[in-house]
$ cat model.cif   # mmCIF, C-alpha atoms and all ligand atoms
data_coords
loop_
_atom_site.group_PDB
_atom_site.id
_atom_site.type_symbol
_atom_site.label_atom_id
_atom_site.label_comp_id
_atom_site.auth_asym_id
_atom_site.auth_seq_id
_atom_site.Cartn_x
_atom_site.Cartn_y
_atom_site.Cartn_z
ATOM 1 C CA MET A 1 -19.624 -21.907 8.463
ATOM 2 C CA LEU A 2 -19.610 -18.435 6.993
ATOM 3 C CA ARG A 3 -17.811 -17.966 3.733
ATOM 4 C CA SER A 4 -15.623 -15.041 2.869
ATOM 5 C CA GLY A 5 -17.183 -13.038 0.053
ATOM 6 C CA ALA A 6 -16.303 -14.496 -3.312
ATOM 7 C CA LEU A 7 -17.154 -12.520 -6.418
ATOM 8 C CA ARG A 8 -20.693 -13.336 -7.380
ATOM 9 C CA LEU A 9 -23.821 -11.635 -8.506
ATOM 10 C CA CYS A 10 -25.786 -10.010 -5.727
ATOM 11 C CA ALA A 11 -28.450 -11.915 -3.886
ATOM 12 C CA PRO A 12 -31.711 -12.608 -5.734
ATOM 13 C CA GLY A 13 -34.050 -9.660 -5.886
ATOM 14 C CA VAL A 14 -31.293 -7.104 -5.904
ATOM 15 C CA LEU A 15 -32.436 -5.384 -9.076
ATOM 16 C CA ARG A 16 -36.126 -5.641 -8.446
ATOM 17 C CA GLY A 17 -36.607 -2.025 -7.541
ATOM 18 C CA PRO A 18 -37.430 -0.159 -4.421
ATOM 19 C CA ARG A 19 -39.458 -2.746 -2.467
ATOM 20 C CA ARG A 20 -37.864 -2.789 0.994
ATOM 21 C CA SER A 21 -38.941 -5.991 2.639
ATOM 22 C CA ALA A 22 -40.932 -9.099 1.859
ATOM 23 C CA ALA A 23 -41.871 -9.421 5.513
ATOM 24 C CA PRO A 24 -44.542 -7.181 6.982
ATOM 25 C CA PRO A 25 -42.942 -4.067 8.436
ATOM 26 C CA THR A 26 -42.270 -4.224 12.134
ATOM 27 C CA ARG A 27 -43.333 -1.465 14.478
ATOM 28 C CA GLU A 28 -39.728 -0.458 14.671
ATOM 29 C CA SER A 29 -39.492 0.005 10.929
ATOM 30 C CA ARG A 30 -42.533 2.290 10.873
ATOM 31 C CA PRO A 31 -42.061 4.754 13.709
ATOM 32 C CA PRO A 32 -44.284 7.776 14.006
ATOM 33 C CA PRO A 33 -43.822 10.580 11.499
ATOM 34 C CA ARG A 34 -41.160 13.182 12.172
ATOM 35 C CA SER A 35 -42.441 16.279 13.862
ATOM 36 C CA PHE A 36 -41.390 18.816 11.220
ATOM 37 C CA ALA A 37 -43.471 17.297 8.442
ATOM 38 C CA SER A 38 -46.296 15.047 9.442
ATOM 39 C CA GLU A 39 -46.519 13.451 5.985
ATOM 40 C CA VAL A 40 -42.888 12.269 6.078
ATOM 41 C CA ILE A 41 -42.237 8.858 7.553
ATOM 42 C CA ARG A 42 -38.894 7.399 8.530
ATOM 43 C CA VAL A 43 -38.066 3.824 7.662
ATOM 44 C CA ASP A 44 -35.375 1.938 9.539
ATOM 45 C CA LEU A 45 -33.215 0.315 6.845
ATOM 46 C CA SER A 46 -30.899 -1.530 9.246
ATOM 47 C CA LEU A 47 -33.110 -4.564 8.957
ATOM 48 C CA PRO A 48 -32.882 -7.573 6.628
ATOM 49 C CA ASN A 49 -34.341 -7.206 3.150
ATOM 50 C CA PRO A 50 -34.448 -9.578 0.148
ATOM 51 C CA SER A 51 -31.172 -8.241 -1.287
ATOM 52 C CA TRP A 52 -29.191 -9.404 1.733
ATOM 53 C CA SER A 53 -26.986 -12.412 1.056
ATOM 54 C CA LYS A 54 -26.831 -15.459 3.293
ATOM 55 C CA ASP A 55 -23.611 -14.178 4.897
ATOM 56 C CA MET A 56 -25.252 -10.851 5.683
ATOM 57 C CA ARG A 57 -28.269 -12.501 7.300
ATOM 58 C CA LEU A 58 -26.140 -14.929 9.315
ATOM 59 C CA LEU A 59 -24.009 -12.109 10.667
ATOM 60 C CA PHE A 60 -27.077 -10.014 11.427
ATOM 61 C CA ASP A 61 -28.619 -12.905 13.366
ATOM 62 C CA GLN A 62 -25.362 -13.465 15.263
ATOM 63 C CA PHE A 63 -25.246 -9.829 16.343
ATOM 64 C CA MET A 64 -28.944 -9.763 17.199
ATOM 65 C CA LYS A 65 -28.214 -12.650 19.587
ATOM 66 C CA LYS A 66 -25.554 -10.484 21.232
ATOM 67 C CA THR A 67 -28.154 -7.771 21.857
ATOM 68 C CA GLU A 68 -30.207 -10.137 24.023
ATOM 69 C CA ASP A 69 -28.146 -9.589 27.183
ATOM 70 C CA GLY A 70 -28.004 -5.838 26.561
ATOM 71 C CA SER A 71 -24.236 -5.669 25.944
ATOM 72 C CA TRP A 72 -24.752 -4.807 22.273
ATOM 73 C CA LYS A 73 -27.378 -2.550 20.763
ATOM 74 C CA ARG A 74 -28.552 -2.500 17.169
ATOM 75 C CA LEU A 75 -28.479 1.059 15.860
ATOM 76 C CA PRO A 76 -31.353 2.084 13.615
ATOM 77 C CA SER A 77 -30.594 3.978 10.416
ATOM 78 C CA TYR A 78 -33.371 5.865 8.739
ATOM 79 C CA LYS A 79 -34.429 6.816 5.272
ATOM 80 C CA TYR A 80 -37.041 9.561 5.122
ATOM 81 C CA VAL A 81 -39.886 8.854 2.765
ATOM 82 C CA SER A 82 -42.625 11.172 1.683
ATOM 83 C CA PRO A 83 -45.691 9.556 0.138
ATOM 84 C CA GLN A 84 -46.236 12.771 -1.793
ATOM 85 C CA ARG A 85 -44.094 13.528 -4.793
ATOM 86 C CA THR A 86 -41.392 16.021 -3.842
ATOM 87 C CA GLU A 87 -39.722 18.213 -6.392
ATOM 88 C CA VAL A 88 -35.996 17.569 -6.033
ATOM 89 C CA LYS A 89 -33.921 20.719 -6.096
ATOM 90 C CA THR A 90 -30.627 20.035 -7.849
ATOM 91 C CA PHE A 91 -29.016 23.449 -8.240
ATOM 92 C CA PHE A 92 -27.685 25.306 -5.220
ATOM 93 C CA PRO A 93 -25.979 28.535 -6.276
ATOM 94 C CA ASP A 94 -24.948 29.487 -2.745
ATOM 95 C CA GLY A 95 -23.757 26.629 -0.550
ATOM 96 C CA LYS A 96 -25.090 27.914 2.766
ATOM 97 C CA PRO A 97 -26.099 25.365 5.405
ATOM 98 C CA VAL A 98 -29.732 24.372 5.014
ATOM 99 C CA LYS A 99 -31.878 23.081 7.840
ATOM 100 C CA GLU A 100 -33.257 19.597 7.171
ATOM 101 C CA ASP A 101 -36.859 20.762 7.353
ATOM 102 C CA HIS A 102 -36.175 23.133 4.455
ATOM 103 C CA MET A 103 -34.820 20.311 2.299
ATOM 104 C CA PRO A 104 -37.125 17.326 2.640
ATOM 105 C CA GLN A 105 -35.185 15.324 0.039
ATOM 106 C CA ALA A 106 -32.065 15.294 2.267
ATOM 107 C CA GLN A 107 -30.973 11.734 3.045
ATOM 108 C CA LEU A 108 -28.134 10.118 4.905
ATOM 109 C CA PHE A 109 -25.735 9.511 1.985
ATOM 110 C CA PRO A 110 -25.321 5.718 2.417
ATOM 111 C CA ARG A 111 -29.117 5.387 2.509
ATOM 112 C CA SER A 112 -29.710 7.278 -0.715
ATOM 113 C CA LEU A 113 -29.514 4.372 -3.185
ATOM 114 C CA GLU A 114 -32.277 1.860 -3.767
ATOM 115 C CA GLU A 115 -32.429 -1.472 -2.012
ATOM 116 C CA GLY A 116 -29.529 -3.785 -2.803
ATOM 117 C CA LEU A 117 -27.829 -1.478 -5.301
ATOM 118 C CA GLY A 118 -25.635 0.499 -2.968
ATOM 119 C CA PHE A 119 -24.920 0.394 0.734
ATOM 120 C CA GLU A 120 -26.648 -2.387 2.660
ATOM 121 C CA TYR A 121 -25.540 -2.334 6.258
ATOM 122 C CA ALA A 122 -26.438 -2.649 9.894
ATOM 123 C CA MET A 123 -24.498 -1.340 12.875
ATOM 124 C CA PHE A 124 -24.219 -2.607 16.412
ATOM 125 C CA HIS A 125 -22.704 -0.746 19.339
ATOM 126 C CA ASN A 126 -21.195 -1.914 22.596
ATOM 127 C CA HIS A 127 -21.305 0.935 25.143
ATOM 128 C CA VAL A 128 -19.039 -0.756 27.676
ATOM 129 C CA GLU A 129 -16.253 -1.471 25.195
ATOM 130 C CA ASN A 130 -16.876 1.684 23.099
ATOM 131 C CA ARG A 131 -16.947 -0.420 19.956
ATOM 132 C CA THR A 132 -19.128 -0.165 16.881
ATOM 133 C CA VAL A 133 -19.393 -2.995 14.375
ATOM 134 C CA CYS A 134 -20.850 -2.563 10.916
ATOM 135 C CA ILE A 135 -21.817 -5.468 8.678
ATOM 136 C CA PHE A 136 -21.717 -4.177 5.123
ATOM 137 C CA GLN A 137 -22.715 -5.544 1.732
ATOM 138 C CA GLY A 138 -21.673 -3.248 -1.109
ATOM 139 C CA GLY A 139 -23.959 -3.466 -4.143
ATOM 140 C CA PRO A 140 -23.315 -3.214 -7.900
ATOM 141 C CA TYR A 141 -23.584 0.597 -8.068
ATOM 142 C CA LEU A 142 -20.485 0.874 -5.864
ATOM 143 C CA GLN A 143 -18.021 -0.538 -8.368
ATOM 144 C CA GLY A 144 -14.551 0.930 -8.698
ATOM 145 C CA ALA A 145 -12.000 -1.367 -10.351
ATOM 146 C CA SER A 146 -13.905 -3.970 -12.346
ATOM 147 C CA GLY A 147 -15.605 -6.426 -9.995
ATOM 148 C CA PHE A 148 -14.493 -4.632 -6.846
ATOM 149 C CA LEU A 149 -15.809 -1.968 -4.518
ATOM 150 C CA HIS A 150 -14.838 1.651 -5.111
ATOM 151 C CA GLY A 151 -12.378 2.968 -2.514
ATOM 152 C CA GLY A 152 -14.659 5.940 -1.880
ATOM 153 C CA ALA A 153 -17.516 3.592 -1.010
ATOM 154 C CA ILE A 154 -15.278 1.728 1.438
ATOM 155 C CA ALA A 155 -14.131 5.040 2.903
ATOM 156 C CA THR A 156 -17.756 6.123 3.264
ATOM 157 C CA MET A 157 -18.637 3.093 5.335
ATOM 158 C CA MET A 158 -15.462 3.341 7.413
ATOM 159 C CA ASP A 159 -16.152 7.031 8.076
ATOM 160 C CA SER A 160 -19.782 6.260 8.958
ATOM 161 C CA THR A 161 -18.846 3.451 11.351
ATOM 162 C CA LEU A 162 -16.093 5.513 12.959
ATOM 163 C CA GLY A 163 -18.517 8.439 13.112
ATOM 164 C CA VAL A 164 -21.145 6.445 14.954
ATOM 165 C CA CYS A 165 -18.466 5.121 17.330
ATOM 166 C CA ALA A 166 -17.273 8.675 18.060
ATOM 167 C CA LEU A 167 -20.778 10.143 18.215
ATOM 168 C CA THR A 168 -22.096 7.572 20.674
ATOM 169 C CA ALA A 169 -19.116 8.241 22.952
ATOM 170 C CA GLY A 170 -18.795 11.986 22.639
ATOM 171 C CA GLY A 171 -21.833 13.630 21.060
ATOM 172 C CA VAL A 172 -21.881 15.741 17.919
ATOM 173 C CA ALA A 173 -18.491 15.591 16.191
ATOM 174 C CA MET A 174 -17.125 15.810 12.666
ATOM 175 C CA THR A 175 -14.373 13.954 10.874
ATOM 176 C CA ALA A 176 -11.227 16.075 10.997
ATOM 177 C CA ASN A 177 -8.888 13.437 9.660
ATOM 178 C CA LEU A 178 -9.192 9.968 8.164
ATOM 179 C CA ASN A 179 -6.182 7.815 7.201
ATOM 180 C CA ILE A 180 -6.925 4.661 5.279
ATOM 181 C CA ASN A 181 -4.700 1.846 4.113
ATOM 182 C CA PHE A 182 -6.327 -0.312 1.454
ATOM 183 C CA ARG A 183 -4.703 -3.734 1.681
ATOM 184 C CA ARG A 184 -6.909 -6.135 -0.320
ATOM 185 C CA PRO A 185 -9.742 -5.274 -2.734
ATOM 186 C CA ILE A 186 -13.300 -6.087 -1.718
ATOM 187 C CA PRO A 187 -15.312 -8.097 -4.259
ATOM 188 C CA LEU A 188 -18.491 -6.342 -5.326
ATOM 189 C CA CYS A 189 -21.608 -7.671 -3.555
ATOM 190 C CA SER A 190 -19.605 -9.495 -0.896
ATOM 191 C CA VAL A 191 -20.021 -8.896 2.823
ATOM 192 C CA VAL A 192 -17.370 -7.421 5.101
ATOM 193 C CA VAL A 193 -17.213 -6.604 8.786
ATOM 194 C CA ILE A 194 -16.021 -3.184 9.953
ATOM 195 C CA ASN A 195 -14.779 -3.222 13.545
ATOM 196 C CA SER A 196 -14.258 0.189 15.098
ATOM 197 C CA GLN A 197 -13.248 1.361 18.542
ATOM 198 C CA LEU A 198 -12.713 4.524 20.500
ATOM 199 C CA ASP A 199 -8.986 4.633 21.313
ATOM 200 C CA LYS A 200 -8.547 7.905 23.165
ATOM 201 C CA VAL A 201 -10.334 11.100 24.137
ATOM 202 C CA GLU A 202 -8.432 14.373 24.587
ATOM 203 C CA GLY A 203 -10.715 17.283 25.309
ATOM 204 C CA ARG A 204 -12.846 17.733 22.186
ATOM 205 C CA LYS A 205 -10.755 15.240 20.200
ATOM 206 C CA LEU A 206 -11.965 11.671 19.746
ATOM 207 C CA PHE A 207 -9.407 9.251 18.313
ATOM 208 C CA VAL A 208 -10.970 6.201 16.688
ATOM 209 C CA SER A 209 -9.718 3.347 14.534
ATOM 210 C CA CYS A 210 -11.178 0.502 12.524
ATOM 211 C CA ASN A 211 -10.404 -2.416 10.280
ATOM 212 C CA VAL A 212 -12.377 -4.053 7.488
ATOM 213 C CA GLN A 213 -12.266 -7.830 7.336
ATOM 214 C CA SER A 214 -13.861 -10.612 5.361
ATOM 215 C CA VAL A 215 -16.659 -12.534 7.051
ATOM 216 C CA ASP A 216 -14.346 -15.436 7.936
ATOM 217 C CA GLY A 217 -11.821 -12.990 9.395
ATOM 218 C CA LYS A 218 -9.041 -14.342 7.155
ATOM 219 C CA THR A 219 -8.644 -11.302 4.918
ATOM 220 C CA LEU A 220 -7.793 -7.839 6.181
ATOM 221 C CA HIS A 221 -9.129 -5.541 3.470
ATOM 222 C CA SER A 222 -8.474 -2.118 4.979
ATOM 223 C CA LYS A 223 -7.431 -0.293 8.132
ATOM 224 C CA ALA A 224 -8.001 3.276 9.243
ATOM 225 C CA THR A 225 -7.286 5.699 12.024
ATOM 226 C CA SER A 226 -9.320 8.826 12.399
ATOM 227 C CA LEU A 227 -9.766 11.975 14.429
ATOM 228 C CA PHE A 228 -13.217 13.350 15.152
ATOM 229 C CA VAL A 229 -13.509 16.763 16.765
ATOM 230 C CA LYS A 230 -16.520 17.722 18.827
ATOM 231 C CA LEU A 231 -18.036 20.904 17.556
ATOM 232 C CA ASN A 232 -16.985 23.983 19.460
ATOM 233 C CA PRO A 233 -19.868 24.597 21.906
ATOM 234 C CA LYS A 234 -19.549 28.361 21.254
ATOM 235 C CA GLU A 235 -20.218 27.815 17.551
ATOM 236 C CA VAL A 236 -23.034 25.229 17.691
HETATM 237 C C1 LIG B 301 -27.758 5.590 21.477
HETATM 238 C C2 LIG B 301 -27.140 6.598 20.544
HETATM 239 C C3 LIG B 301 -27.380 6.202 19.154
HETATM 240 C C4 LIG B 301 -26.604 7.082 18.256
HETATM 241 C C5 LIG B 301 -26.869 6.705 16.894
HETATM 242 C C6 LIG B 301 -26.071 7.522 16.018
HETATM 243 C C7 LIG B 301 -26.904 7.998 14.891
HETATM 244 C C8 LIG B 301 -25.997 8.383 13.842
HETATM 245 C C9 LIG B 301 -26.615 9.230 12.816
HETATM 246 C C10 LIG B 301 -25.808 9.158 11.584
HETATM 247 C C11 LIG B 301 -24.372 9.422 11.835
HETATM 248 C C12 LIG B 301 -23.582 9.030 10.673
HETATM 249 C C13 LIG B 301 -22.146 9.297 10.958
HETATM 250 C C14 LIG B 301 -21.585 9.950 9.787
HETATM 251 C C15 LIG B 301 -20.171 10.330 10.044
HETATM 252 C C16 LIG B 301 -19.667 11.098 8.891
HETATM 253 C C17 LIG B 301 -19.021 12.348 9.405
HETATM 254 C C18 LIG B 301 -18.642 13.244 8.283
HETATM 255 O O1 LIG B 301 -18.602 12.898 7.171
HETATM 256 S S1 LIG B 301 -18.268 14.841 8.695
HETATM 257 C C19 LIG B 301 -17.932 15.593 7.125
HETATM 258 C C20 LIG B 301 -16.485 15.776 6.860
HETATM 259 N N1 LIG B 301 -15.901 16.617 7.833
HETATM 260 C C21 LIG B 301 -15.979 17.964 7.738
HETATM 261 O O2 LIG B 301 -16.554 18.527 6.855
HETATM 262 C C22 LIG B 301 -15.296 18.703 8.861
HETATM 263 C C23 LIG B 301 -14.755 20.045 8.419
HETATM 264 N N2 LIG B 301 -13.902 20.567 9.454
HETATM 265 C C24 LIG B 301 -14.429 21.263 10.504
HETATM 266 O O3 LIG B 301 -15.622 21.549 10.559
HETATM 267 C C25 LIG B 301 -13.472 21.675 11.587
HETATM 268 O O4 LIG B 301 -12.147 21.669 11.099
HETATM 269 C C26 LIG B 301 -13.569 20.740 12.835
HETATM 270 C C27 LIG B 301 -14.989 20.788 13.419
HETATM 271 C C28 LIG B 301 -13.207 19.290 12.464
HETATM 272 C C29 LIG B 301 -12.587 21.232 13.872
HETATM 273 O O5 LIG B 301 -12.596 22.654 13.850
HETATM 274 P P1 LIG B 301 -12.544 23.528 15.152
HETATM 275 O O6 LIG B 301 -13.702 23.246 16.026
HETATM 276 O O7 LIG B 301 -12.343 24.937 14.719
HETATM 277 O O8 LIG B 301 -11.248 22.906 15.798
HETATM 278 P P2 LIG B 301 -10.040 23.684 16.431
HETATM 279 O O9 LIG B 301 -9.237 24.382 15.397
HETATM 280 O O10 LIG B 301 -10.565 24.454 17.601
HETATM 281 O O11 LIG B 301 -9.177 22.414 16.900
HETATM 282 C C30 LIG B 301 -9.604 21.592 17.970
HETATM 283 C C31 LIG B 301 -8.504 20.541 18.147
HETATM 284 O O12 LIG B 301 -8.560 19.621 17.054
HETATM 285 C C32 LIG B 301 -7.310 19.577 16.366
HETATM 286 N N3 LIG B 301 -7.554 19.399 14.960
HETATM 287 C C33 LIG B 301 -8.527 19.951 14.208
HETATM 288 N N4 LIG B 301 -8.469 19.496 12.944
HETATM 289 C C34 LIG B 301 -7.449 18.624 12.912
HETATM 290 C C35 LIG B 301 -6.907 17.806 11.889
HETATM 291 N N5 LIG B 301 -7.408 17.789 10.667
HETATM 292 N N6 LIG B 301 -5.880 17.012 12.194
HETATM 293 C C36 LIG B 301 -5.364 16.974 13.444
HETATM 294 N N7 LIG B 301 -5.843 17.747 14.463
HETATM 295 C C37 LIG B 301 -6.870 18.544 14.191
HETATM 296 C C38 LIG B 301 -6.664 20.942 16.658
HETATM 297 O O13 LIG B 301 -5.277 20.882 16.542
HETATM 298 C C39 LIG B 301 -7.102 21.150 18.115
HETATM 299 O O14 LIG B 301 -6.312 20.359 18.963
HETATM 300 P P3 LIG B 301 -5.851 20.904 20.410
HETATM 301 O O15 LIG B 301 -5.108 22.149 20.164
HETATM 302 O O16 LIG B 301 -7.162 21.145 21.180
HETATM 303 O O17 LIG B 301 -5.011 19.805 21.006
#

$ encode --input "model.cif" --output "structure tokens" --more "lines below"
Ligand SMILES: CCCCCCCCCCCCCCCCCC(=O)SCCNC(=O)CCNC(=O)[C@H](O)C(C)(C)COP(=O)(O)OP(=O)(O)OC[C@H]1O[C@@H](n2cnc3c(N)ncnc32)[C@H](O)[C@@H]1OP(=O)(O)O
Amino acid sequence: MLRSGALRLCAPGVLRGPRRSAAPPTRESRPPPRSFASEVIRVDLSLPNPSWSKDMRLLFDQFMKKTEDGSWKRLPSYKYVSPQRTEVKTFFPDGKPVKEDHMPQAQLFPRSLEEGLGFEYAMFHNHVENRTVCIFQGGPYLQGASGFLHGGAIATMMDSTLGVCALTAGGVAMTANLNINFRRPIPLCSVVVINSQLDKVEGRKLFVSCNVQSVDGKTLHSKATSLFVKLNPKEV
């Protein structure tokens, strides 16, 4: 039976640096290079790696089983890696929007920390039920109160899960509003399940909600409701 996440050190290998997987990369984890820069490769990080705890792997396997009949789909999540050394620009005097191909170091925020130290997660989506589930293991760099996850890190993963839920239903949209109730702290390095669903669509407005529970479902850690608004077609 799966355990709820008790406070413990992260799974073995968590501080061993940037190695992504002990297993040989699958074809899926090494798709062709992106078109804008042929030397940049994208690596799907929604796959098990040595930092994943037993709970994380068990949950991942359970959801992969659900994908077999096509009702659920695993959603890839990429980190962009350039084999060449890129100079990282850190000072932006004018905050104008920059196209991704002009900033090769841009990364999806939850994928920006090294393996096991930050956000380890995989998402699964059910198109019929308009639900997105995220299994999430928060690493040691996400500490807030001693021994527990930072509220901002929890909010990040809730926003990301809700975002994927809204995006898959409605296309490009941004978070307009996010209301979170934090009920029980989440022990650092434990695994939680974020269940999100699309509740209502009104024109460009997508109303979504989610909860964050322990693996055994006995502890409700957080709940949120959120509004995503599809970008105004005239302004895109
Ligand atoms: C098989 C498919 C696989 C898919 C895989 C998916 C791959 C995923 C890739 C990675 C995705 C990761 C997801 C990450 C999600 C994070 C999202 C963010 O952080 S985003 C970053 C953080 N977010 C930002 O930075 C967003 C900044 N904000 C904005 O840009 C804009 O305010 C806006 C776009 C949100 C709306 O502007 P604008 O288009 O001018 O909107 P209007 O004024 O025209 O109003 C339209 C309607 O909306 C109402 N309404 C609006 N706001 C609110 C509100 N707060 N409260 C209540 N209501 C609100 C308003 O009353 C009106 O209602 P009605 O009259 O029609 O009834």

$ closest_residue --input "model.cif" --among "A:Ala145, A:Ile41, A:Met56, A:Met103" --to "Val81 in chain A" --atoms "all atoms listed in the file"
A:Ile41

$ closest_residue --input "model.cif" --among "A:Pro110, A:Pro140, A:Gly116, A:Gly170" --to "Ala155 in chain A" --atoms "only C-alpha atoms"
A:Pro110

$ residues_near_ligand --input "model.cif" --ligand "ligand LIG 301 (chain B)" --cutoff "8 Å" --atoms "only C-alpha atoms and all ligand atoms" --output "ChimeraX atom specification"
/A:75-77,108,156,159-164,167-168,173-177,202-205,227-232

$ write_last_selection --input "model.cif" --atoms "C-alpha atoms" --output "mmCIF file, in the frame of the given file"
data_model
loop_
_atom_site.group_PDB
_atom_site.id
_atom_site.type_symbol
_atom_site.label_atom_id
_atom_site.label_comp_id
_atom_site.auth_asym_id
_atom_site.auth_seq_id
_atom_site.Cartn_x
_atom_site.Cartn_y
_atom_site.Cartn_z
ATOM 1 C CA LEU A 75 -28.479 1.059 15.860
ATOM 2 C CA PRO A 76 -31.353 2.084 13.615
ATOM 3 C CA SER A 77 -30.594 3.978 10.416
ATOM 4 C CA LEU A 108 -28.134 10.118 4.905
ATOM 5 C CA THR A 156 -17.756 6.123 3.264
ATOM 6 C CA ASP A 159 -16.152 7.031 8.076
ATOM 7 C CA SER A 160 -19.782 6.260 8.958
ATOM 8 C CA THR A 161 -18.846 3.451 11.351
ATOM 9 C CA LEU A 162 -16.093 5.513 12.959
ATOM 10 C CA GLY A 163 -18.517 8.439 13.112
ATOM 11 C CA VAL A 164 -21.145 6.445 14.954
ATOM 12 C CA LEU A 167 -20.778 10.143 18.215
ATOM 13 C CA THR A 168 -22.096 7.572 20.674
ATOM 14 C CA ALA A 173 -18.491 15.591 16.191
ATOM 15 C CA MET A 174 -17.125 15.810 12.666
ATOM 16 C CA THR A 175 -14.373 13.954 10.874
ATOM 17 C CA ALA A 176 -11.227 16.075 10.997
ATOM 18 C CA ASN A 177 -8.888 13.437 9.660
ATOM 19 C CA GLU A 202 -8.432 14.373 24.587
ATOM 20 C CA GLY A 203 -10.715 17.283 25.309
ATOM 21 C CA ARG A 204 -12.846 17.733 22.186
ATOM 22 C CA LYS A 205 -10.755 15.240 20.200
ATOM 23 C CA LEU A 227 -9.766 11.975 14.429
ATOM 24 C CA PHE A 228 -13.217 13.350 15.152
ATOM 25 C CA VAL A 229 -13.509 16.763 16.765
ATOM 26 C CA LYS A 230 -16.520 17.722 18.827
ATOM 27 C CA LEU A 231 -18.036 20.904 17.556
ATOM 28 C CA ASN A 232 -16.985 23.983 19.460
#

$ closest_residue --input "model.cif" --among "A:Arg74, A:Pro233, A:Ala224, A:His150" --to "Gln62 in chain A" --atoms "only C-alpha atoms"
A:Arg74

$ atom_distance --input "model.cif" --atom1 "CA of Leu47 in chain A" --atom2 "CA of Met123 in chain A"
10.0 Å

$ axis_aligned_box --input "model.cif" --around "range 187-194 of chain A" --padding-each-side "8 Å" --output "JSON"
{"center_x": -18.5, "center_y": -6.3, "center_z": 2.3, "size_x": 22.3, "size_y": 22.3, "size_z": 31.3}

$ atom_distance --input "model.cif" --atom1 "CA of Ile154 in chain A" --atom2 "CA of Ser112 in chain A"
15.6 Å

$ atom_distance --input "model.cif" --atom1 "CA of Arg42 in chain A" --atom2 "CA of Gln107 in chain A"
10.6 Å

$ resolve_selection --input "model.cif" --expression "the PyMOL selection byres (((chain A and resi 73) around 8) and not hetatm)" --output "ChimeraX atom specification"
/A:67,70-72,74-75,124-126

$ write_last_selection --input "model.cif" --atoms "C-alpha atoms" --output "JSON list (two decimals), in the frame of the given file"
[["chain", "number", "residue", "atom", "x", "y", "z"],
["A", 67, "THR", "CA", -28.15, -7.77, 21.86],
["A", 70, "GLY", "CA", -28.00, -5.84, 26.56],
["A", 71, "SER", "CA", -24.24, -5.67, 25.94],
["A", 72, "TRP", "CA", -24.75, -4.81, 22.27],
["A", 74, "ARG", "CA", -28.55, -2.50, 17.17],
["A", 75, "LEU", "CA", -28.48, 1.06, 15.86],
["A", 124, "PHE", "CA", -24.22, -2.61, 16.41],
["A", 125, "HIS", "CA", -22.70, -0.75, 19.34],
["A", 126, "ASN", "CA", -21.20, -1.91, 22.60]]
